[in-house]
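Next comes input-v5.pdb, a file with PDB, C-alpha atoms and all ligand atoms.
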```pdb
ATOM      1  CA  MET A   1     124.105  79.304  65.256
ATOM      2  CA  PHE A   2     125.299  82.780  66.147
ATOM      3  CA  GLU A   3     123.325  84.809  68.655
ATOM      4  CA  SER A   4     121.837  88.201  67.788
ATOM      5  CA  GLY A   5     123.499  91.394  68.943
ATOM      6  CA  VAL A   6     120.708  92.038  71.451
ATOM      7  CA  THR A   7     121.375  88.637  73.045
ATOM      8  CA  VAL A   8     125.165  89.145  73.070
ATOM      9  CA  ALA A   9     124.623  92.497  74.812
ATOM     10  CA  ASP A  10     123.452  90.647  77.929
ATOM     11  CA  TYR A  11     127.039  89.476  78.494
ATOM     12  CA  LEU A  12     128.938  92.782  78.279
ATOM     13  CA  ASP A  13     129.345  95.716  80.587
ATOM     14  CA  PRO A  14     129.485  98.702  80.301
ATOM     15  CA  LEU A  15     127.585  99.128  77.061
ATOM     16  CA  ASP A  16     125.807 101.860  75.098
ATOM     17  CA  ASP A  17     122.898 101.015  72.818
ATOM     18  CA  ASP A  18     124.863 102.239  69.785
ATOM     19  CA  GLN A  19     127.361  99.398  70.323
ATOM     20  CA  ILE A  20     124.685  96.776  69.613
ATOM     21  CA  GLN A  21     124.950  95.518  66.030
ATOM     22  CA  PRO A  22     122.692  93.042  64.182
ATOM     23  CA  ASN A  23     125.016  90.088  64.819
ATOM     24  CA  GLY A  24     127.161  91.142  67.768
ATOM     25  CA  VAL A  25     128.335  93.967  69.981
ATOM     26  CA  ASP A  26     131.096  96.463  69.250
ATOM     27  CA  LEU A  27     134.093  96.600  71.587
ATOM     28  CA  THR A  28     136.011  99.787  72.318
ATOM     29  CA  VAL A  29     139.685 100.477  72.978
ATOM     30  CA  GLU A  30     140.384 101.228  76.625
ATOM     31  CA  SER A  31     144.182 101.409  76.384
ATOM     32  CA  LEU A  32     147.139 100.447  74.189
ATOM     33  CA  TYR A  33     150.542  99.044  75.095
ATOM     34  CA  GLU A  34     153.909  98.435  73.463
ATOM     35  CA  GLN A  35     155.678  95.298  74.606
ATOM     36  CA  VAL A  36     159.141  96.020  76.019
ATOM     37  CA  SER A  37     160.446  92.629  77.157
ATOM     38  CA  PRO A  38     160.118  89.087  75.836
ATOM     39  CA  GLY A  39     157.334  86.750  76.856
ATOM     40  CA  ARG A  40     157.695  82.993  76.965
ATOM     41  CA  ILE A  41     155.603  79.994  75.955
ATOM     42  CA  GLY A  42     156.913  76.734  77.372
ATOM     43  CA  ARG A  43     155.626  73.200  77.239
ATOM     44  CA  GLU A  44     154.471  73.944  80.769
ATOM     45  CA  GLY A  45     153.392  77.457  81.580
ATOM     46  CA  LYS A  46     153.651  80.846  79.951
ATOM     47  CA  THR A  47     154.583  84.423  80.777
ATOM     48  CA  VAL A  48     153.584  87.712  79.188
ATOM     49  CA  GLY A  49     156.325  90.302  78.638
ATOM     50  CA  ASP A  50     156.388  93.739  80.237
ATOM     51  CA  ARG A  51     154.540  96.573  78.542
ATOM     52  CA  ARG A  52     154.644 100.345  78.294
ATOM     53  CA  GLU A  53     151.306 102.136  77.976
ATOM     54  CA  VAL A  54     150.894 104.355  74.923
ATOM     55  CA  ALA A  55     149.764 107.874  75.851
ATOM     56  CA  PRO A  56     147.150 109.639  73.734
ATOM     57  CA  GLU A  57     148.131 113.047  72.300
ATOM     58  CA  ASP A  58     145.406 115.686  72.024
ATOM     59  CA  GLY A  59     142.766 113.059  72.765
ATOM     60  CA  ARG A  60     143.879 110.465  70.235
ATOM     61  CA  TYR A  61     146.450 107.768  69.753
ATOM     62  CA  ARG A  62     148.740 108.615  66.824
ATOM     63  CA  LEU A  63     150.062 105.193  65.929
ATOM     64  CA  ASP A  64     153.054 104.455  63.727
ATOM     65  CA  PRO A  65     153.365 101.054  62.044
ATOM     66  CA  GLY A  66     154.036  98.317  64.558
ATOM     67  CA  ALA A  67     152.353  95.946  66.993
ATOM     68  CA  TYR A  68     150.291  97.141  69.954
ATOM     69  CA  VAL A  69     148.510  95.155  72.650
ATOM     70  CA  LEU A  70     144.988  96.539  72.917
ATOM     71  CA  LYS A  71     142.869  96.286  76.041
ATOM     72  CA  TYR A  72     139.131  96.357  75.402
ATOM     73  CA  GLY A  73     136.872  98.704  77.335
ATOM     74  CA  GLU A  74     134.144  96.153  78.062
ATOM     75  CA  ARG A  75     134.108  93.376  80.592
ATOM     76  CA  LEU A  76     132.500  90.322  79.016
ATOM     77  CA  ARG A  77     131.427  86.804  79.872
ATOM     78  CA  VAL A  78     131.141  83.774  77.598
ATOM     79  CA  PRO A  79     128.057  81.847  78.743
ATOM     80  CA  ASP A  80     127.735  78.071  78.903
ATOM     81  CA  ASP A  81     127.018  76.332  75.583
ATOM     82  CA  HIS A  82     128.749  79.117  73.632
ATOM     83  CA  VAL A  83     132.105  80.169  72.207
ATOM     84  CA  GLY A  84     133.086  83.779  71.494
ATOM     85  CA  PHE A  85     134.962  85.376  68.633
ATOM     86  CA  VAL A  86     136.155  88.938  68.092
ATOM     87  CA  TYR A  87     136.479  90.418  64.637
ATOM     88  CA  PRO A  88     138.065  93.744  63.710
ATOM     89  CA  ARG A  89     135.928  96.603  62.472
ATOM     90  CA  SER A  90     136.375  96.578  58.728
ATOM     91  CA  THR A  91     137.453 100.234  58.844
ATOM     92  CA  LEU A  92     140.681  98.992  60.418
ATOM     93  CA  LEU A  93     141.329  96.713  57.443
ATOM     94  CA  ARG A  94     140.436  99.476  55.022
ATOM     95  CA  ASN A  95     143.138 101.542  56.718
ATOM     96  CA  SER A  96     145.849  98.861  56.440
ATOM     97  CA  CYS A  97     145.497  97.751  60.068
ATOM     98  CA  MET A  98     144.448  94.460  61.637
ATOM     99  CA  LEU A  99     143.231  93.273  65.012
ATOM    100  CA  ASN A 100     144.381  89.720  65.719
ATOM    101  CA  THR A 101     142.272  87.684  68.113
ATOM    102  CA  ALA A 102     141.945  84.135  69.494
ATOM    103  CA  VAL A 103     139.155  81.903  70.851
ATOM    104  CA  TRP A 104     137.044  83.167  73.784
ATOM    105  CA  ASP A 105     136.245  80.084  75.855
ATOM    106  CA  ALA A 106     132.987  79.193  77.568
ATOM    107  CA  GLY A 107     133.258  80.348  81.192
ATOM    108  CA  TYR A 108     135.792  83.127  80.500
ATOM    109  CA  GLU A 109     135.061  86.405  82.184
ATOM    110  CA  GLY A 110     137.169  89.542  82.025
ATOM    111  CA  ARG A 111     138.348  92.531  80.040
ATOM    112  CA  GLY A 112     140.273  90.817  77.269
ATOM    113  CA  GLU A 113     143.087  91.881  74.998
ATOM    114  CA  GLY A 114     143.919  91.746  71.301
ATOM    115  CA  LEU A 115     146.883  92.514  69.073
ATOM    116  CA  LEU A 116     146.522  95.637  66.941
ATOM    117  CA  GLN A 117     148.838  95.570  63.937
ATOM    118  CA  VAL A 118     149.307  98.946  62.321
ATOM    119  CA  GLY A 119     150.452  98.779  58.698
ATOM    120  CA  HIS A 120     150.003 102.481  57.944
ATOM    121  CA  PRO A 121     149.867 105.370  60.426
ATOM    122  CA  ILE A 122     146.406 105.725  61.937
ATOM    123  CA  GLU A 123     144.701 107.841  64.582
ATOM    124  CA  ILE A 124     142.373 106.156  67.071
ATOM    125  CA  GLU A 125     140.538 107.851  69.914
ATOM    126  CA  PRO A 126     140.431 106.176  73.330
ATOM    127  CA  GLY A 127     136.922 104.730  73.688
ATOM    128  CA  ALA A 128     136.424 104.376  69.913
ATOM    129  CA  ARG A 129     134.804 101.184  68.591
ATOM    130  CA  VAL A 130     137.432  98.952  66.996
ATOM    131  CA  ALA A 131     136.040  95.404  67.058
ATOM    132  CA  GLN A 132     132.926  93.277  67.276
ATOM    133  CA  PHE A 133     132.245  90.424  69.717
ATOM    134  CA  VAL A 134     130.009  87.571  68.560
ATOM    135  CA  LEU A 135     128.745  84.468  70.346
ATOM    136  CA  ALA A 136     128.104  81.123  68.676
ATOM    137  CA  ALA A 137     126.329  78.126  70.186
ATOM    138  CA  ALA A 138     128.939  75.440  70.909
ATOM    139  CA  ASP A 139     129.492  72.201  72.802
ATOM    140  CA  HIS A 140     132.324  72.322  75.330
ATOM    141  CA  ASP A 141     134.036  70.107  77.890
ATOM    142  CA  GLY A 142     134.525  72.108  81.072
ATOM    143  CA  ARG A 143     134.878  75.863  81.317
ATOM    144  CA  TYR A 144     137.806  78.284  81.042
ATOM    145  CA  ASP A 145     139.752  78.300  84.297
ATOM    146  CA  GLY A 146     143.121  79.660  83.175
ATOM    147  CA  SER A 147     145.257  82.525  84.398
ATOM    148  CA  TYR A 148     143.407  85.152  82.357
ATOM    149  CA  HIS A 149     140.114  84.431  84.078
ATOM    150  CA  GLY A 150     138.829  87.656  85.669
ATOM    151  CA  GLU A 151     141.660  89.703  84.100
ATOM    152  CA  ASN A 152     141.795  93.482  83.937
TER
HETATM  153  O1  LIG B 201     141.631  87.470  71.322
HETATM  154  C1  LIG B 201     141.410  87.028  72.457
HETATM  155  C2  LIG B 201     140.945  85.715  72.658
HETATM  156  C3  LIG B 201     140.709  85.271  73.938
HETATM  157  N1  LIG B 201     140.897  86.100  75.011
HETATM  158  C4  LIG B 201     140.606  85.644  76.378
HETATM  159  C5  LIG B 201     139.401  84.713  76.416
HETATM  160  C6  LIG B 201     139.988  83.352  76.502
HETATM  161  O2  LIG B 201     139.108  82.440  77.115
HETATM  162  C7  LIG B 201     141.247  83.626  77.310
HETATM  163  C8  LIG B 201     142.325  82.608  77.144
HETATM  164  O3  LIG B 201     142.603  82.465  75.785
HETATM  165  P1  LIG B 201     143.449  81.227  75.287
HETATM  166  O4  LIG B 201     142.904  79.954  75.881
HETATM  167  O5  LIG B 201     143.606  81.323  73.828
HETATM  168  O6  LIG B 201     144.861  81.593  75.967
HETATM  169  P2  LIG B 201     146.072  80.672  76.360
HETATM  170  O7  LIG B 201     147.290  81.388  75.977
HETATM  171  O8  LIG B 201     145.867  79.273  75.843
HETATM  172  O9  LIG B 201     145.950  80.716  77.928
HETATM  173  P3  LIG B 201     145.481  79.559  78.938
HETATM  174  O10 LIG B 201     146.708  78.703  79.111
HETATM  175  O11 LIG B 201     145.072  80.279  80.187
HETATM  176  O12 LIG B 201     144.323  78.833  78.284
HETATM  177  O13 LIG B 201     141.712  84.898  76.858
HETATM  178  C9  LIG B 201     141.350  87.386  74.828
HETATM  179  O14 LIG B 201     141.509  88.171  75.757
HETATM  180  N2  LIG B 201     141.610  87.810  73.553
END
```

So, in terms of structure tokens, how does the structure I just supplied come out?
Amino acid sequence: MFESGVTVADYLDPLDDDQIQPNGVDLTVESLYEQVSPGRIGREGKTVGDRREVAPEDGRYRLDPGAYVLKYGERLRVPDDHVGFVYPRSTLLRNSCMLNTAVWDAGYEGRGEGLLQVGHPIEIEPGARVAQFVLAAADHDGRYDGSYHGEN
């Protein structure tokens, strides 16, 4: 079962009431980055490549097609007995863009990141709502204790 937006709101900060949706809570864009050096995924361990922050122009990001790492504006926590998912706002899809996301583990806490893929030039304002976080009831063995715990 998925929790209601009002319940999900208990696990995010900061938050305005207009971010609370029927089935989840909207996430905003805090900052965007272009990756400038390779990362690595080994059988043991991982590294994330270096990044260059994208600067807004006249109060908005003017994004050409490409891949951008997006840092969300809200710090969130995935409570016990739950798993989190982030979905893009459909307006992104309708504008030929996509936000790629992964699983948000029980016990994770932090200001997470996603991959914004821009298929057609788009303008996005810093602080604009771009995604929605939902929480589903779930069994789990242990809690997230990886290197991204408490990030950002
Ligand atoms: O789109 C997402 C999905 C998850 N997370 C956060 C929450 C999650 O609990 C944590 C770690 O995600 P995952 O387990 O997929 O990363 P990993 O590459 O397997 O890292 P680790 O080895 O630390 O588990 O990152 C994000 O920031 N963005």

Can you tell me, as a PDB file with C-alpha atoms, keeping the file's coordinate frame, what residues are no more than 10 Å from Thr91 of chain A when counting only C-alpha atoms, ignoring any on the same chain fewer than 6 positions away?
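Output file part01.pdb follows:
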```pdb
ATOM      1  CA  CYS A  97     145.497  97.751  60.068  1.00  0.00           C
ATOM      2  CA  MET A  98     144.448  94.460  61.637  1.00  0.00           C
ATOM      3  CA  VAL A 130     137.432  98.952  66.996  1.00  0.00           C
ATOM      4  CA  ALA A 131     136.040  95.404  67.058  1.00  0.00           C
TER       5      ALA A 131
END
```

Practice problem: Go through the chains and note each residue within 8 Å of ligand LIG 201 (chain B), using all atoms listed in the file, then give the set as a count of residues only. | Solution: 26

Exercise. Pull out every residue that the PyMOL selection byres (((chain A and resi 10) around 12) and not hetatm) matches in the shown coordinates and put them as a list in words.
Key: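 That expression, the PyMOL selection byres (((chain A and resi 10) around 12) and not hetatm), corresponds here to Glu3, Ser4, Gly5, Val6, Thr7, Val8, Ala9, Tyr11, Leu12, Asp13, Pro14, Leu15, Asp16, Asp17, Ile20, Gly24, Val25, Arg75, Leu76, Arg77, Val78, Pro79, Val134 and Leu135 of chain A.
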
Quick one: write out the picked residues with C-alpha atoms as a PDB file, in the coordinates of the input?
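That gives us again34.pdb:
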```pdb
ATOM      1  CA  GLU A   3     123.325  84.809  68.655  1.00  0.00           C
ATOM      2  CA  SER A   4     121.837  88.201  67.788  1.00  0.00           C
ATOM      3  CA  GLY A   5     123.499  91.394  68.943  1.00  0.00           C
ATOM      4  CA  VAL A   6     120.708  92.038  71.451  1.00  0.00           C
ATOM      5  CA  THR A   7     121.375  88.637  73.045  1.00  0.00           C
ATOM      6  CA  VAL A   8     125.165  89.145  73.070  1.00  0.00           C
ATOM      7  CA  ALA A   9     124.623  92.497  74.812  1.00  0.00           C
ATOM      8  CA  TYR A  11     127.039  89.476  78.494  1.00  0.00           C
ATOM      9  CA  LEU A  12     128.938  92.782  78.279  1.00  0.00           C
ATOM     10  CA  ASP A  13     129.345  95.716  80.587  1.00  0.00           C
ATOM     11  CA  PRO A  14     129.485  98.702  80.301  1.00  0.00           C
ATOM     12  CA  LEU A  15     127.585  99.128  77.061  1.00  0.00           C
ATOM     13  CA  ASP A  16     125.807 101.860  75.098  1.00  0.00           C
ATOM     14  CA  ASP A  17     122.898 101.015  72.818  1.00  0.00           C
ATOM     15  CA  ILE A  20     124.685  96.776  69.613  1.00  0.00           C
ATOM     16  CA  GLY A  24     127.161  91.142  67.768  1.00  0.00           C
ATOM     17  CA  VAL A  25     128.335  93.967  69.981  1.00  0.00           C
ATOM     18  CA  ARG A  75     134.108  93.376  80.592  1.00  0.00           C
ATOM     19  CA  LEU A  76     132.500  90.322  79.016  1.00  0.00           C
ATOM     20  CA  ARG A  77     131.427  86.804  79.872  1.00  0.00           C
ATOM     21  CA  VAL A  78     131.141  83.774  77.598  1.00  0.00           C
ATOM     22  CA  PRO A  79     128.057  81.847  78.743  1.00  0.00           C
ATOM     23  CA  VAL A 134     130.009  87.571  68.560  1.00  0.00           C
ATOM     24  CA  LEU A 135     128.745  84.468  70.346  1.00  0.00           C
TER      25      LEU A 135
END
```

Quiz item: So how far away is atom CA of Pro65 of chain A from atom CA of Ser96 of chain A, in Å?
Solution: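 About the pair atom CA of Ser96 of chain A and atom CA of Pro65 of chain A: they are 9.6 Å apart.
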
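Nearest to His120 of chain A of all the residues A:Leu99, A:Tyr72, A:Asp80, A:Asp64 is A:Asp64, counting all atoms listed in the file.
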
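What separates atom CA of Tyr87 of chain A from atom CA of Ser37 of chain A is a distance of 27.1 Å.
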
Quiz item: Got a sec to resolve the PyMOL selection byres (((chain A and resi 48) around 12) and not hetatm) on this structure and send the residues as a PyMOL selection string?
Solution: chain A and resi 35-42+45-47+49-51+69+147-148

Quiz item: Any idea what the distance is between atom CA of Leu92 of chain A and atom CA of Asn152 of chain A?
Solution: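 Taking atom CA of Leu92 of chain A as the start and atom CA of Asn152 of chain A as the end point, the length is 24.2 Å.
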
Can you complete the atoms of segment 128-139 of chain A to all heavy atoms and list them as a PDB file, in the coordinates of the input?
```pdb
ATOM      1  N   ALA A 128     137.016 104.612  71.232  1.00  0.00           N
ATOM      2  CA  ALA A 128     136.424 104.376  69.913  1.00  0.00           C
ATOM      3  C   ALA A 128     136.151 102.881  69.718  1.00  0.00           C
ATOM      4  O   ALA A 128     136.844 102.022  70.268  1.00  0.00           O
ATOM      5  CB  ALA A 128     137.372 104.871  68.820  1.00  0.00           C
ATOM      6  N   ARG A 129     135.140 102.582  68.899  1.00  0.00           N
ATOM      7  CA  ARG A 129     134.804 101.184  68.591  1.00  0.00           C
ATOM      8  C   ARG A 129     135.798 100.651  67.566  1.00  0.00           C
ATOM      9  O   ARG A 129     136.011 101.276  66.523  1.00  0.00           O
ATOM     10  CB  ARG A 129     133.370 101.106  68.051  1.00  0.00           C
ATOM     11  CG  ARG A 129     132.330 101.467  69.100  1.00  0.00           C
ATOM     12  CD  ARG A 129     130.912 101.453  68.574  1.00  0.00           C
ATOM     13  NE  ARG A 129     130.675 102.522  67.607  1.00  0.00           N
ATOM     14  CZ  ARG A 129     130.427 102.336  66.326  1.00  0.00           C
ATOM     15  NH1 ARG A 129     130.376 101.124  65.814  1.00  0.00           N
ATOM     16  NH2 ARG A 129     130.238 103.357  65.531  1.00  0.00           N
ATOM     17  N   VAL A 130     136.401  99.513  67.882  1.00  0.00           N
ATOM     18  CA  VAL A 130     137.432  98.952  66.996  1.00  0.00           C
ATOM     19  C   VAL A 130     137.164  97.500  66.601  1.00  0.00           C
ATOM     20  O   VAL A 130     137.838  96.957  65.728  1.00  0.00           O
ATOM     21  CB  VAL A 130     138.845  99.018  67.631  1.00  0.00           C
ATOM     22  CG1 VAL A 130     139.349 100.456  67.704  1.00  0.00           C
ATOM     23  CG2 VAL A 130     138.861  98.364  69.009  1.00  0.00           C
ATOM     24  N   ALA A 131     136.214  96.845  67.265  1.00  0.00           N
ATOM     25  CA  ALA A 131     136.040  95.404  67.058  1.00  0.00           C
ATOM     26  C   ALA A 131     134.596  95.017  67.322  1.00  0.00           C
ATOM     27  O   ALA A 131     133.794  95.826  67.805  1.00  0.00           O
ATOM     28  CB  ALA A 131     136.952  94.636  68.018  1.00  0.00           C
ATOM     29  N   GLN A 132     134.272  93.770  66.998  1.00  0.00           N
ATOM     30  CA  GLN A 132     132.926  93.277  67.276  1.00  0.00           C
ATOM     31  C   GLN A 132     133.013  91.886  67.902  1.00  0.00           C
ATOM     32  O   GLN A 132     133.717  91.013  67.398  1.00  0.00           O
ATOM     33  CB  GLN A 132     132.104  93.222  65.989  1.00  0.00           C
ATOM     34  CG  GLN A 132     130.677  92.807  66.253  1.00  0.00           C
ATOM     35  CD  GLN A 132     129.754  92.996  65.059  1.00  0.00           C
ATOM     36  OE1 GLN A 132     128.589  92.667  65.153  1.00  0.00           O
ATOM     37  NE2 GLN A 132     130.260  93.517  63.977  1.00  0.00           N
ATOM     38  N   PHE A 133     132.302  91.714  69.008  1.00  0.00           N
ATOM     39  CA  PHE A 133     132.245  90.424  69.717  1.00  0.00           C
ATOM     40  C   PHE A 133     130.990  89.685  69.300  1.00  0.00           C
ATOM     41  O   PHE A 133     129.896  90.257  69.303  1.00  0.00           O
ATOM     42  CB  PHE A 133     132.230  90.699  71.220  1.00  0.00           C
ATOM     43  CG  PHE A 133     132.124  89.478  72.090  1.00  0.00           C
ATOM     44  CD1 PHE A 133     133.104  88.498  72.069  1.00  0.00           C
ATOM     45  CD2 PHE A 133     131.051  89.318  72.960  1.00  0.00           C
ATOM     46  CE1 PHE A 133     133.014  87.373  72.887  1.00  0.00           C
ATOM     47  CE2 PHE A 133     130.953  88.207  73.783  1.00  0.00           C
ATOM     48  CZ  PHE A 133     131.939  87.233  73.739  1.00  0.00           C
ATOM     49  N   VAL A 134     131.162  88.406  68.927  1.00  0.00           N
ATOM     50  CA  VAL A 134     130.009  87.571  68.560  1.00  0.00           C
ATOM     51  C   VAL A 134     130.040  86.304  69.407  1.00  0.00           C
ATOM     52  O   VAL A 134     131.098  85.877  69.890  1.00  0.00           O
ATOM     53  CB  VAL A 134     129.996  87.214  67.055  1.00  0.00           C
ATOM     54  CG1 VAL A 134     129.900  88.469  66.192  1.00  0.00           C
ATOM     55  CG2 VAL A 134     131.215  86.383  66.662  1.00  0.00           C
ATOM     56  N   LEU A 135     128.883  85.712  69.578  1.00  0.00           N
ATOM     57  CA  LEU A 135     128.745  84.468  70.346  1.00  0.00           C
ATOM     58  C   LEU A 135     128.073  83.419  69.483  1.00  0.00           C
ATOM     59  O   LEU A 135     127.024  83.684  68.880  1.00  0.00           O
ATOM     60  CB  LEU A 135     127.864  84.708  71.576  1.00  0.00           C
ATOM     61  CG  LEU A 135     128.493  85.331  72.812  1.00  0.00           C
ATOM     62  CD1 LEU A 135     127.413  85.606  73.862  1.00  0.00           C
ATOM     63  CD2 LEU A 135     129.599  84.438  73.387  1.00  0.00           C
ATOM     64  N   ALA A 136     128.681  82.241  69.423  1.00  0.00           N
ATOM     65  CA  ALA A 136     128.104  81.123  68.676  1.00  0.00           C
ATOM     66  C   ALA A 136     127.773  79.990  69.646  1.00  0.00           C
ATOM     67  O   ALA A 136     128.531  79.741  70.603  1.00  0.00           O
ATOM     68  CB  ALA A 136     129.088  80.625  67.630  1.00  0.00           C
ATOM     69  N   ALA A 137     126.665  79.310  69.395  1.00  0.00           N
ATOM     70  CA  ALA A 137     126.329  78.126  70.186  1.00  0.00           C
ATOM     71  C   ALA A 137     127.408  77.080  69.963  1.00  0.00           C
ATOM     72  O   ALA A 137     127.869  76.881  68.836  1.00  0.00           O
ATOM     73  CB  ALA A 137     124.966  77.599  69.764  1.00  0.00           C
ATOM     74  N   ALA A 138     127.851  76.416  71.045  1.00  0.00           N
ATOM     75  CA  ALA A 138     128.939  75.440  70.909  1.00  0.00           C
ATOM     76  C   ALA A 138     128.900  74.430  72.057  1.00  0.00           C
ATOM     77  O   ALA A 138     128.581  74.787  73.195  1.00  0.00           O
ATOM     78  CB  ALA A 138     130.293  76.156  70.920  1.00  0.00           C
ATOM     79  N   ASP A 139     129.247  73.187  71.745  1.00  0.00           N
ATOM     80  CA  ASP A 139     129.492  72.201  72.802  1.00  0.00           C
ATOM     81  C   ASP A 139     130.832  72.526  73.441  1.00  0.00           C
ATOM     82  O   ASP A 139     131.718  73.090  72.783  1.00  0.00           O
ATOM     83  CB  ASP A 139     129.567  70.791  72.205  1.00  0.00           C
ATOM     84  CG  ASP A 139     128.228  70.344  71.651  1.00  0.00           C
ATOM     85  OD1 ASP A 139     127.188  70.869  72.100  1.00  0.00           O
ATOM     86  OD2 ASP A 139     128.237  69.478  70.746  1.00  0.00           O
TER      87      ASP A 139
END
```
